[in-house]
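**Q** Following this line is target-v8.cif, made up of mmCIF, C-alpha atoms:
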data_start
loop_
_atom_site.label_atom_id
_atom_site.label_comp_id
_atom_site.auth_asym_id
_atom_site.auth_seq_id
_atom_site.Cartn_x
_atom_site.Cartn_y
_atom_site.Cartn_z
CA MET A 230 149.49 232.75 5.80
CA GLN A 231 146.46 234.87 6.49
CA LEU A 232 146.33 238.39 5.09
CA CYS A 233 144.74 240.81 7.54
CA LEU A 234 142.98 243.14 5.10
CA GLY A 235 141.75 246.40 6.53
CA SER A 236 144.52 246.37 9.10
CA THR A 237 148.28 246.13 9.13
CA PRO A 238 149.32 243.27 6.80
CA SER A 239 150.79 240.44 8.84
CA PHE A 240 152.04 236.89 8.55
CA TRP A 241 149.84 234.77 10.79
CA LEU A 242 148.96 231.08 10.86
CA GLY A 243 145.96 231.43 13.14
CA ASN A 244 145.19 229.96 16.55
CA GLU A 245 147.85 230.94 19.08
CA THR A 246 150.63 231.55 16.57
CA LEU A 247 152.45 234.86 16.40
CA LYS A 248 151.40 237.69 14.09
CA VAL A 249 154.44 239.14 12.34
CA PRO A 250 153.73 242.57 10.80
CA ALA A 251 154.94 243.42 7.31
CA ALA A 252 156.33 246.57 8.92
CA LEU A 253 159.21 244.41 10.20
CA PHE A 254 160.52 244.07 6.65
CA ALA A 255 159.84 247.70 5.75
CA LEU A 256 162.09 248.65 8.65
CA ASN A 257 164.74 246.18 7.47
CA ARG A 258 164.69 247.79 4.02
CA LYS A 259 164.99 251.25 5.55
CA ARG A 260 167.97 250.19 7.66
CA LEU A 261 169.65 248.72 4.59
CA CYS A 262 169.08 251.85 2.50
CA ASP A 263 170.38 254.06 5.31
CA ARG A 264 173.62 252.05 5.40
CA LEU A 265 173.99 252.07 1.63
CA ARG A 266 173.46 255.82 1.39
CA GLU A 267 176.31 256.28 3.87
CA ASN A 268 178.61 254.12 1.72
CA LYS A 269 180.74 256.38 -0.48
CA ASP A 270 181.01 253.66 -3.14
CA VAL A 271 177.24 253.60 -3.76
CA GLN A 272 176.35 255.80 -6.71
CA LYS A 273 173.17 257.75 -7.32
CA ASN A 274 170.36 255.81 -9.01
CA ALA A 275 171.46 252.64 -7.24
CA ILE A 276 168.98 249.78 -7.10
CA VAL A 277 169.25 246.76 -4.82
CA LEU A 278 168.15 243.75 -6.84
CA MET A 279 167.70 240.39 -5.16
CA GLN A 280 166.52 237.03 -6.46
CA GLY A 281 164.55 234.78 -4.14
CA GLY A 282 164.73 231.03 -3.80
CA GLU A 283 163.46 228.77 -6.56
CA GLU A 284 161.01 225.89 -6.35
CA ALA A 285 162.62 222.48 -6.88
CA GLN A 286 161.57 218.88 -7.39
CA ARG A 287 163.05 215.76 -5.87
CA TYR A 288 165.60 214.59 -8.44
CA CYS A 289 163.82 213.62 -11.70
CA THR A 290 160.33 213.30 -10.18
CA ASP A 291 157.42 215.72 -10.01
CA THR A 292 157.46 215.58 -6.22
CA GLY A 293 158.01 219.08 -4.90
CA ILE A 294 160.48 219.76 -2.09
CA VAL A 295 158.81 221.86 0.61
CA PHE A 296 159.95 225.40 -0.22
CA ARG A 297 161.71 227.63 2.25
CA GLN A 298 162.66 231.16 1.20
CA GLU A 299 166.30 232.22 0.83
CA SER A 300 167.23 233.97 4.06
CA TYR A 301 168.55 237.30 2.76
CA PHE A 302 165.61 237.70 0.41
CA HIS A 303 163.20 236.88 3.23
CA TRP A 304 164.88 239.36 5.60
CA THR A 305 164.38 242.09 3.00
CA PHE A 306 160.88 241.38 1.71
CA GLY A 307 159.20 238.68 3.85
CA VAL A 308 157.96 236.95 0.69
CA THR A 309 157.08 233.27 1.13
CA GLU A 310 156.46 232.38 -2.53
CA PRO A 311 159.25 230.95 -4.71
CA ASP A 312 160.69 232.30 -7.97
CA CYS A 313 160.41 236.00 -7.15
CA TYR A 314 162.66 239.05 -7.44
CA GLY A 315 162.78 242.11 -5.24
CA ALA A 316 164.15 245.61 -5.82
CA ILE A 317 164.74 248.69 -3.68
CA ASP A 318 165.54 252.18 -4.92
CA VAL A 319 168.32 253.20 -2.52
CA ASP A 320 167.73 256.95 -2.96
CA THR A 321 163.98 256.86 -2.25
CA GLY A 322 163.46 253.53 -0.43
CA LYS A 323 160.81 252.51 -2.96
CA SER A 324 160.22 248.74 -2.88
CA ILE A 325 159.17 246.51 -5.78
CA VAL A 326 158.47 242.78 -5.85
CA PHE A 327 158.36 240.78 -9.08
CA VAL A 328 156.24 237.61 -9.06
CA PRO A 329 155.92 234.81 -11.63
CA LYS A 330 153.17 235.08 -14.25
CA LEU A 331 151.60 231.67 -13.80
CA PRO A 332 149.77 229.72 -16.52
CA GLU A 333 146.06 228.92 -16.13
CA SER A 334 146.92 225.23 -15.63
CA TYR A 335 148.61 226.18 -12.33
CA ALA A 336 145.21 226.72 -10.70
CA VAL A 337 144.11 223.11 -11.29
CA TRP A 338 147.10 221.65 -9.46
CA MET A 339 148.25 224.37 -7.09
CA GLY A 340 145.32 226.62 -6.32
CA LYS A 341 144.13 230.16 -7.00
CA ILE A 342 146.30 232.47 -9.06
CA HIS A 343 146.54 235.88 -7.42
CA PRO A 344 147.06 239.18 -9.29
CA PRO A 345 149.96 241.55 -8.50
CA GLU A 346 147.73 243.78 -6.35
CA TYR A 347 147.15 240.87 -3.96
CA PHE A 348 150.88 240.59 -3.31
CA ARG A 349 151.30 244.36 -3.00
CA LYS A 350 148.80 244.38 -0.13
CA LYS A 351 150.08 241.12 1.34
CA TYR A 352 153.66 242.34 1.70
CA ALA A 353 153.01 246.10 1.99
CA VAL A 354 155.48 247.03 -0.75
CA ASP A 355 155.13 249.98 -3.12
CA GLU A 356 154.72 248.06 -6.37
CA VAL A 357 154.36 244.51 -7.65
CA HIS A 358 154.97 243.48 -11.26
CA TYR A 359 155.38 240.23 -13.11
CA LYS A 360 158.84 238.72 -13.18
CA ASP A 361 159.32 239.11 -16.93
CA GLU A 362 159.10 242.89 -16.46
CA VAL A 363 162.50 242.92 -14.72
CA THR A 364 164.06 242.99 -18.19
CA HIS A 365 162.21 246.25 -18.98
CA SER A 366 163.96 248.19 -16.22
CA ASP A 367 165.84 251.40 -17.02
CA SER A 368 169.43 250.40 -17.81
CA SER A 369 170.71 253.74 -16.44
CA PHE A 370 170.28 252.34 -12.93
CA HIS A 371 173.26 250.92 -11.07
CA LEU A 372 172.38 247.45 -9.81
CA LEU A 373 173.67 246.27 -6.45
CA LEU A 374 173.68 242.48 -6.43
CA GLN A 375 174.39 240.19 -3.52
CA ARG A 376 177.35 237.84 -3.73
CA GLY A 377 179.14 236.66 -0.60
CA VAL A 378 180.62 233.62 1.09
CA ASN A 379 178.92 231.91 4.03
CA THR A 380 181.72 231.54 6.56
CA ASP A 381 180.27 228.31 8.01
CA SER A 382 179.52 226.35 4.82
CA GLY A 383 181.85 228.08 2.38
CA ASN A 384 178.94 228.32 -0.06
CA ILE A 385 178.46 231.44 -2.13
CA SER A 386 175.13 233.26 -2.12
CA ARG A 387 173.57 233.42 -5.55
CA GLU A 388 173.41 236.87 -7.08
CA ALA A 389 170.37 237.94 -9.09
CA SER A 390 170.47 237.31 -12.80
CA PHE A 391 168.11 237.89 -15.70
CA GLU A 392 168.25 238.16 -19.47
CA GLY A 393 169.67 241.54 -20.41
CA ILE A 394 171.49 242.23 -17.15
CA SER A 395 174.70 242.80 -19.12
CA GLN A 396 173.27 246.16 -20.23
CA PHE A 397 173.38 247.43 -16.64
CA ASN A 398 176.19 248.81 -14.50
CA VAL A 399 176.49 246.01 -11.92
CA ASN A 400 178.28 245.83 -8.57
CA ASN A 401 178.24 242.56 -6.62
CA LYS A 402 180.69 243.49 -3.85
CA ILE A 403 178.93 246.23 -1.88
CA LEU A 404 175.57 244.71 -0.95
CA HIS A 405 176.52 241.49 0.83
CA PRO A 406 178.66 242.95 3.65
CA GLU A 407 176.14 245.75 4.24
CA ILE A 408 173.07 243.51 4.43
CA ALA A 409 174.96 240.91 6.48
CA GLU A 410 175.87 243.59 9.01
CA CYS A 411 172.24 244.73 9.15
CA ARG A 412 171.18 241.18 9.98
CA VAL A 413 173.62 241.03 12.90
CA ILE A 414 171.61 243.62 14.85
CA LYS A 415 167.99 242.62 15.44
CA THR A 416 165.14 245.11 15.67
CA ASP A 417 162.57 244.94 18.46
CA MET A 418 160.10 243.31 16.06
CA GLU A 419 162.64 240.68 15.08
CA LEU A 420 163.45 239.99 18.72
CA GLU A 421 159.77 239.37 19.35
CA VAL A 422 159.74 236.66 16.66
CA LEU A 423 162.91 235.10 18.07
CA ARG A 424 161.41 235.04 21.57
CA TYR A 425 158.41 233.24 20.12
CA THR A 426 160.47 230.61 18.29
CA ASN A 427 162.54 229.97 21.40
CA LYS A 428 159.47 229.74 23.64
CA ILE A 429 157.76 227.15 21.44
CA SER A 430 160.98 225.19 20.96
CA SER A 431 161.66 225.21 24.70
CA GLU A 432 158.21 223.82 25.39
CA ALA A 433 158.81 221.16 22.74
CA HIS A 434 162.05 220.10 24.47
CA LYS A 435 160.13 219.79 27.74
CA GLU A 436 157.58 217.53 26.06
CA VAL A 437 160.44 215.33 24.80
CA MET A 438 161.95 215.05 28.28
CA LYS A 439 158.56 214.12 29.73
CA ALA A 440 157.93 211.43 27.12
CA ILE A 441 161.30 209.71 26.83
CA LYS A 442 161.64 206.15 28.08
CA VAL A 443 164.39 203.57 27.87
CA GLY A 444 163.77 201.36 24.85
CA MET A 445 162.43 204.14 22.62
CA LYS A 446 164.18 205.22 19.42
CA GLU A 447 165.95 208.53 19.06
CA TYR A 448 163.82 209.39 16.04
CA GLU A 449 160.67 209.12 18.15
CA MET A 450 161.95 212.08 20.14
CA GLU A 451 162.74 213.97 16.95
CA SER A 452 159.21 213.29 15.71
CA LEU A 453 157.65 214.47 18.97
CA PHE A 454 159.67 217.69 18.89
CA GLN A 455 158.66 218.47 15.31
CA HIS A 456 155.02 217.60 16.03
CA TYR A 457 154.84 219.97 18.98
CA CYS A 458 156.55 222.83 17.11
CA TYR A 459 154.20 222.48 14.14
CA THR A 460 150.91 221.85 15.95
CA ARG A 461 151.45 224.40 18.71
CA GLY A 462 153.67 226.92 16.96
CA GLY A 463 152.96 226.72 13.23
CA MET A 464 156.59 225.80 12.56
CA ARG A 465 156.69 223.74 9.39
CA HIS A 466 160.49 223.86 9.29
CA THR A 467 163.22 223.19 11.81
CA SER A 468 166.26 225.45 11.87
CA TYR A 469 168.57 222.53 11.08
CA THR A 470 168.57 218.72 11.08
CA CYS A 471 167.52 217.57 14.54
CA ILE A 472 170.34 216.05 16.62
CA CYS A 473 168.98 213.38 18.98
CA GLY A 474 172.13 211.72 20.27
CA SER A 475 171.98 209.16 23.07
CA GLY A 476 174.93 207.31 24.59
CA ASN A 477 178.05 207.60 22.43
CA ASN A 478 176.06 209.39 19.72
CA SER A 479 175.81 212.46 21.94
CA SER A 480 179.51 213.14 21.30
CA VAL A 481 178.98 213.46 17.52
CA LEU A 482 178.61 217.17 16.76
CA HIS A 483 176.22 216.89 13.80
CA TYR A 484 174.65 213.52 14.51
CA GLY A 485 171.24 212.95 12.91
CA HIS A 486 172.28 213.25 9.27
CA ALA A 487 171.34 210.71 6.59
CA GLY A 488 174.25 208.45 7.49
CA ALA A 489 173.28 208.40 11.18
CA PRO A 490 169.56 209.27 11.21
CA ASN A 491 168.69 209.30 14.92
CA ASP A 492 168.02 205.57 14.76
CA LYS A 493 169.66 204.21 17.90
CA THR A 494 167.62 202.56 20.65
CA ILE A 495 167.86 204.59 23.87
CA GLU A 496 169.38 202.47 26.63
CA ASP A 497 169.35 202.55 30.42
CA GLY A 498 172.19 204.77 31.64
CA ASP A 499 172.41 206.77 28.38
CA LEU A 500 172.99 210.48 28.58
CA CYS A 501 170.95 212.23 25.88
CA LEU A 502 172.05 215.35 24.04
CA PHE A 503 169.17 216.72 21.99
CA ASP A 504 169.97 219.75 19.85
CA MET A 505 166.80 220.91 18.07
CA GLY A 506 165.21 224.20 17.12
CA GLY A 507 161.96 225.18 15.43
CA GLU A 508 161.74 227.92 12.81
CA TYR A 509 158.87 230.37 12.35
CA TYR A 510 158.68 232.51 9.23
CA CYS A 511 162.41 231.96 8.60
CA TYR A 512 163.37 233.04 12.13
CA ALA A 513 165.25 230.28 13.90
CA SER A 514 165.84 228.92 17.37
CA ASP A 515 168.76 226.72 18.46
CA ILE A 516 168.43 224.88 21.78
CA THR A 517 170.45 222.02 23.25
CA CYS A 518 169.31 219.97 26.25
CA THR A 519 171.34 217.28 28.01
CA PHE A 520 169.70 214.85 30.45
CA PRO A 521 169.82 211.19 31.53
CA ALA A 522 167.36 208.94 29.70
CA ASN A 523 166.34 207.17 32.92
CA GLY A 524 166.04 210.41 34.90
CA LYS A 525 169.11 209.93 37.08
CA PHE A 526 172.71 211.02 36.47
CA THR A 527 175.55 208.64 37.19
CA PRO A 528 178.28 210.19 39.41
CA ASP A 529 180.56 210.79 36.40
CA GLN A 530 177.74 212.28 34.34
CA ARG A 531 176.79 214.61 37.19
CA VAL A 532 180.35 215.93 37.60
CA ILE A 533 180.65 216.82 33.92
CA TYR A 534 177.13 218.21 33.65
CA GLU A 535 177.55 220.49 36.67
CA ALA A 536 180.94 221.73 35.47
CA VAL A 537 179.47 222.74 32.10
CA LEU A 538 176.43 224.27 33.81
CA LYS A 539 178.61 226.43 36.06
CA SER A 540 180.71 227.54 33.08
CA SER A 541 177.60 228.45 31.10
CA ARG A 542 176.15 230.50 33.96
CA ALA A 543 179.48 232.29 34.48
CA VAL A 544 179.55 233.28 30.81
CA MET A 545 175.95 234.50 30.86
CA LYS A 546 176.66 236.56 33.98
CA ALA A 547 179.70 238.16 32.35
CA ILE A 548 177.95 239.12 29.12
CA LYS A 549 177.11 242.83 28.94
CA PRO A 550 177.30 245.65 26.39
CA GLY A 551 180.88 246.48 25.49
CA LYS A 552 182.25 243.00 26.16
CA ARG A 553 183.79 241.05 23.30
CA LEU A 554 182.99 237.40 22.64
CA LEU A 555 186.21 235.61 21.67
CA TYR A 556 185.98 232.18 20.08
CA ASP A 557 189.11 230.17 19.37
CA ASN A 558 188.39 227.33 16.95
CA ARG A 559 192.01 226.34 16.29
CA ASN A 560 191.60 223.16 18.33
#
Here is a file; write its structure as structure tokens.
**A**
Amino acid sequence: MQLCLGSTPSFWLGNETLKVPAALFALNRKRLCDRLRENKDVQKNAIVLMQGGEEAQRYCTDTGIVFRQESYFHWTFGVTEPDCYGAIDVDTGKSIVFVPKLPESYAVWMGKIHPPEYFRKKYAVDEVHYKDEVTHSDSSFHLLLQRGVNTDSGNISREASFEGISQFNVNNKILHPEIAECRVIKTDMELEVLRYTNKISSEAHKEVMKAIKVGMKEYEMESLFQHYCYTRGGMRHTSYTCICGSGNNSSVLHYGHAGAPNDKTIEDGDLCLFDMGGEYYCYASDITCTFPANGKFTPDQRVIYEAVLKSSRAVMKAIKPGKRLLYDNRN
């Protein structure tokens, strides 16, 4: 990330990648505070306190797993570093980020250690303190912590915790539904990032379709997609595990996992279903393309493909403000 000092702080990876202004997250925080102030259950002196993702190693080794920020924390603060906290005064909108106080030995292995003022400018927040100062906060504040269930995975989001939190008045039921509802509606700045991720990912899918040949492995197509997204779009992460199903594998909804790692040889006559999306600054794309590996549909493949295509276009034509999207997953 390059910090544009002297101008609006932005996330930017150089070249032709997209600049994402820190103002995007300031607006997200404002929207959240506006909602919370309208909630009759939120008391005066309420503070949103969130804990970001933590750095982890691969099992018992010292090999670090490439860090990706926790989504709710990122939506609120835009912070890319691990092991941080963030707070917002609901009454005033004041924003505070708490960063780790790193030992001098960190610099030898991991690079320059930045002071709090660096992060204050980088993320355009009101204050930055070291993480151990969270415990010195005024216990008269009412802490709003995030705890909620992800309806897809069933996993529970981790609420912030620190030594001495028992001295505070804590509520972990209000924040999650309010912030989740904020994330449903995208701002113009967020839409711009999503357009970018979808543009780069679409181009990457085109490159895959140009390159594919009978006899290649599915994982070669996965590799090409990831290479294009990273080299052309600065996307180090994908939104999910790439699904590169050919032949019968294209009927497996979440193919590509460790037990079926996109390792089939692509055969003549195979229909390919490639479901892949790049992610830029924690904003995701999700694109599925279906096409014949040899460039020509069989009669049966064409009938099914055209039926689905017509259905998709009918749905897109019908979508407009005020319409409800009904999804029945009972079958």
**Q** I'd like to know which of A:Lys552, A:Lys525, A:Arg461, A:Lys351 is closest to Ser236 (chain A), using all atoms listed in the file.
**A**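 Of the candidates, the smallest distance to Ser236 (chain A) is held by A:Lys351.
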**Q** Residues near Tyr512 (chain A), anyone? I mean within 12 Å using all atoms listed in the file, not counting same-chain ones fewer than 2 positions away, as a PyMOL selection string.
**A** chain A and resi 247+249+297-301+303-304+307+412+415+418-427+464-469+506-510+514-515
**Q** Hey, what comes out of the PyMOL selection byres ((chain A and resi 399-411) around 10) on this file? Could you write it as a PyMOL selection string?
**A** chain A and resi 257-258+260-262+264-265+268+270-271+275-279+301+304-305+370-378+386+388-389+394-398+412-416
**Q** Can you list, as a short mmCIF file (atom, residue, chain, number, x, y, z; two decimals) with C-alpha atoms, keeping the file's coordinate frame, the residues that the PyMOL selection byres ((chain A and resi 500) around 7) selects here?
**A**
data_model
loop_
_atom_site.label_atom_id
_atom_site.label_comp_id
_atom_site.auth_asym_id
_atom_site.auth_seq_id
_atom_site.Cartn_x
_atom_site.Cartn_y
_atom_site.Cartn_z
CA SER A 475 171.98 209.16 23.07
CA GLY A 476 174.93 207.31 24.59
CA GLY A 498 172.19 204.77 31.64
CA ASP A 499 172.41 206.77 28.38
CA CYS A 501 170.95 212.23 25.88
CA LEU A 502 172.05 215.35 24.04
CA PHE A 520 169.70 214.85 30.45
CA PRO A 521 169.82 211.19 31.53
CA ALA A 522 167.36 208.94 29.70
#
**Q** Taking all atoms of region 505-511 of chain A that the file lists, what box with edges along x, y and z, padded by 8 Å per side, do you get, with centre and edge lengths in Å to one decimal, as JSON?
**A**
{"center_x": 162.7, "center_y": 226.7, "center_z": 13.3, "size_x": 24.1, "size_y": 27.6, "size_z": 25.5}
**Q** Pick out the residues sitting within 12 Å of Tyr347 (chain A), and hand them over as a ChimeraX atom specification; count all atoms listed in the file, and ignore anything fewer than 2 positions along from it in its own chain.
**A** /A:232-234,238,326,328,341-345,349-354,356-358
**Q** Which residue gives the smallest distance to Val437 (chain A) among A:Leu453, A:Ile516, A:Ala487, A:Asn478, with only C-alpha atoms counted?
**A** A:Leu453
**Q** What does the distance between CA of Thr364 (chain A) and CA of Thr321 (chain A) come to in Å, to one decimal place?
**A** 21.1 Å
**Q** Please write the residues picked by the PyMOL selection byres ((chain A and resi 296) around 9) on this file as a PyMOL selection string.
**A** chain A and resi 282-285+293-295+297-298+309-311
**Q** If you measure from CA of Glu447 (chain A) to CA of Asn491 (chain A), what distance in Å do you get, rounded to one decimal?
**A**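 Distance between the two atoms: 5.0 Å.
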**Q** Using all atoms listed in the file, pick whichever of A:Val532, A:Gly340, A:Lys323, A:Ser369 has the shortest atom-to-atom distance to Gln272 (chain A).
**A**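 Selected residue with least distance to Gln272 (chain A): A:Ser369.
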**Q** To one decimal place in Å, what is the distance between CA of Asn274 (chain A) and CA of Ser324 (chain A)?
**A**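 Separation between CA of Asn274 (chain A) and CA of Ser324 (chain A): 13.8 Å.
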**Q** For each of A:Thr527, A:Thr470, A:Gly444, A:Tyr314, take the minimum atom-to-atom distance to Phe391 (chain A), counting only C-alpha atoms, then give the residue where this is smallest.
**A** A:Tyr314
**Q** Return the single residue from A:Lys539, A:Lys493, A:Arg531, A:Lys549 that is closest to Ser479 (chain A), with distances computed using all atoms listed in the file.
**A**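 Going through A:Lys539, A:Lys493, A:Arg531, A:Lys549 one by one, the smallest distance to Ser479 (chain A) is for A:Lys493.
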**Q** Using all atoms listed in the file for the distances, tell me which of A:Ser334, A:Thr517, A:Ser239, A:Asn379 is nearest to Ser431 (chain A).
**A** A:Thr517
**Q** Generate the coordinates of all heavy atoms for region 320-330 of chain A; report them as a PDB file, keeping the file's coordinate frame.
**A**
ATOM      1  N   ASP A 320     167.923 255.507  -3.203  1.00  0.00           N
ATOM      2  CA  ASP A 320     167.730 256.950  -2.960  1.00  0.00           C
ATOM      3  C   ASP A 320     166.387 257.239  -2.300  1.00  0.00           C
ATOM      4  O   ASP A 320     166.286 258.097  -1.411  1.00  0.00           O
ATOM      5  CB  ASP A 320     167.819 257.714  -4.282  1.00  0.00           C
ATOM      6  CG  ASP A 320     169.217 257.680  -4.873  1.00  0.00           C
ATOM      7  OD1 ASP A 320     170.184 257.499  -4.102  1.00  0.00           O
ATOM      8  OD2 ASP A 320     169.349 257.817  -6.106  1.00  0.00           O
ATOM      9  N   THR A 321     165.335 256.540  -2.720  1.00  0.00           N
ATOM     10  CA  THR A 321     163.980 256.860  -2.250  1.00  0.00           C
ATOM     11  C   THR A 321     163.431 255.816  -1.271  1.00  0.00           C
ATOM     12  O   THR A 321     162.459 256.095  -0.563  1.00  0.00           O
ATOM     13  CB  THR A 321     163.014 256.953  -3.434  1.00  0.00           C
ATOM     14  OG1 THR A 321     162.894 255.651  -4.058  1.00  0.00           O
ATOM     15  CG2 THR A 321     163.519 257.956  -4.463  1.00  0.00           C
ATOM     16  N   GLY A 322     163.991 254.606  -1.253  1.00  0.00           N
ATOM     17  CA  GLY A 322     163.460 253.530  -0.430  1.00  0.00           C
ATOM     18  C   GLY A 322     162.294 252.796  -1.061  1.00  0.00           C
ATOM     19  O   GLY A 322     161.720 251.887  -0.448  1.00  0.00           O
ATOM     20  N   LYS A 323     161.928 253.156  -2.273  1.00  0.00           N
ATOM     21  CA  LYS A 323     160.810 252.510  -2.960  1.00  0.00           C
ATOM     22  C   LYS A 323     161.077 251.018  -3.134  1.00  0.00           C
ATOM     23  O   LYS A 323     162.164 250.620  -3.551  1.00  0.00           O
ATOM     24  CB  LYS A 323     160.587 253.166  -4.318  1.00  0.00           C
ATOM     25  CG  LYS A 323     159.446 252.581  -5.132  1.00  0.00           C
ATOM     26  CD  LYS A 323     159.304 253.316  -6.463  1.00  0.00           C
ATOM     27  CE  LYS A 323     158.208 252.737  -7.322  1.00  0.00           C
ATOM     28  NZ  LYS A 323     158.085 253.451  -8.625  1.00  0.00           N
ATOM     29  N   SER A 324     160.064 250.191  -2.824  1.00  0.00           N
ATOM     30  CA  SER A 324     160.220 248.740  -2.880  1.00  0.00           C
ATOM     31  C   SER A 324     159.334 248.135  -3.968  1.00  0.00           C
ATOM     32  O   SER A 324     158.172 248.524  -4.115  1.00  0.00           O
ATOM     33  CB  SER A 324     159.897 248.120  -1.529  1.00  0.00           C
ATOM     34  OG  SER A 324     158.589 248.483  -1.121  1.00  0.00           O
ATOM     35  N   ILE A 325     159.896 247.175  -4.696  1.00  0.00           N
ATOM     36  CA  ILE A 325     159.170 246.510  -5.780  1.00  0.00           C
ATOM     37  C   ILE A 325     159.418 245.003  -5.669  1.00  0.00           C
ATOM     38  O   ILE A 325     160.550 244.566  -5.471  1.00  0.00           O
ATOM     39  CB  ILE A 325     159.633 246.995  -7.166  1.00  0.00           C
ATOM     40  CG1 ILE A 325     159.553 248.517  -7.267  1.00  0.00           C
ATOM     41  CG2 ILE A 325     158.807 246.345  -8.273  1.00  0.00           C
ATOM     42  CD1 ILE A 325     160.176 249.087  -8.530  1.00  0.00           C
ATOM     43  N   VAL A 326     158.351 244.238  -5.787  1.00  0.00           N
ATOM     44  CA  VAL A 326     158.470 242.780  -5.850  1.00  0.00           C
ATOM     45  C   VAL A 326     157.990 242.314  -7.214  1.00  0.00           C
ATOM     46  O   VAL A 326     156.991 242.825  -7.744  1.00  0.00           O
ATOM     47  CB  VAL A 326     157.632 242.108  -4.721  1.00  0.00           C
ATOM     48  CG1 VAL A 326     157.502 240.602  -4.962  1.00  0.00           C
ATOM     49  CG2 VAL A 326     158.281 242.370  -3.372  1.00  0.00           C
ATOM     50  N   PHE A 327     158.708 241.372  -7.795  1.00  0.00           N
ATOM     51  CA  PHE A 327     158.360 240.780  -9.080  1.00  0.00           C
ATOM     52  C   PHE A 327     157.972 239.327  -8.857  1.00  0.00           C
ATOM     53  O   PHE A 327     158.756 238.547  -8.306  1.00  0.00           O
ATOM     54  CB  PHE A 327     159.546 240.864 -10.047  1.00  0.00           C
ATOM     55  CG  PHE A 327     159.978 242.277 -10.365  1.00  0.00           C
ATOM     56  CD1 PHE A 327     160.914 242.926  -9.561  1.00  0.00           C
ATOM     57  CD2 PHE A 327     159.469 242.956 -11.461  1.00  0.00           C
ATOM     58  CE1 PHE A 327     161.331 244.219  -9.838  1.00  0.00           C
ATOM     59  CE2 PHE A 327     159.871 244.252 -11.754  1.00  0.00           C
ATOM     60  CZ  PHE A 327     160.808 244.888 -10.942  1.00  0.00           C
ATOM     61  N   VAL A 328     156.755 238.972  -9.273  1.00  0.00           N
ATOM     62  CA  VAL A 328     156.240 237.610  -9.060  1.00  0.00           C
ATOM     63  C   VAL A 328     156.094 236.894 -10.391  1.00  0.00           C
ATOM     64  O   VAL A 328     155.958 237.531 -11.439  1.00  0.00           O
ATOM     65  CB  VAL A 328     154.880 237.654  -8.318  1.00  0.00           C
ATOM     66  CG1 VAL A 328     155.019 238.295  -6.953  1.00  0.00           C
ATOM     67  CG2 VAL A 328     153.822 238.383  -9.158  1.00  0.00           C
ATOM     68  N   PRO A 329     156.089 235.558 -10.374  1.00  0.00           N
ATOM     69  CA  PRO A 329     155.920 234.810 -11.630  1.00  0.00           C
ATOM     70  C   PRO A 329     154.526 235.036 -12.226  1.00  0.00           C
ATOM     71  O   PRO A 329     153.541 235.172 -11.491  1.00  0.00           O
ATOM     72  CB  PRO A 329     156.092 233.343 -11.201  1.00  0.00           C
ATOM     73  CG  PRO A 329     156.733 233.384  -9.859  1.00  0.00           C
ATOM     74  CD  PRO A 329     156.304 234.663  -9.221  1.00  0.00           C
ATOM     75  N   LYS A 330     154.452 235.056 -13.552  1.00  0.00           N
ATOM     76  CA  LYS A 330     153.170 235.080 -14.250  1.00  0.00           C
ATOM     77  C   LYS A 330     152.799 233.640 -14.538  1.00  0.00           C
ATOM     78  O   LYS A 330     153.354 233.015 -15.451  1.00  0.00           O
ATOM     79  CB  LYS A 330     153.265 235.905 -15.530  1.00  0.00           C
ATOM     80  CG  LYS A 330     151.912 236.204 -16.159  1.00  0.00           C
ATOM     81  CD  LYS A 330     152.047 237.197 -17.303  1.00  0.00           C
ATOM     82  CE  LYS A 330     150.675 237.610 -17.819  1.00  0.00           C
ATOM     83  NZ  LYS A 330     150.787 238.624 -18.904  1.00  0.00           N
TER      84      LYS A 330
END
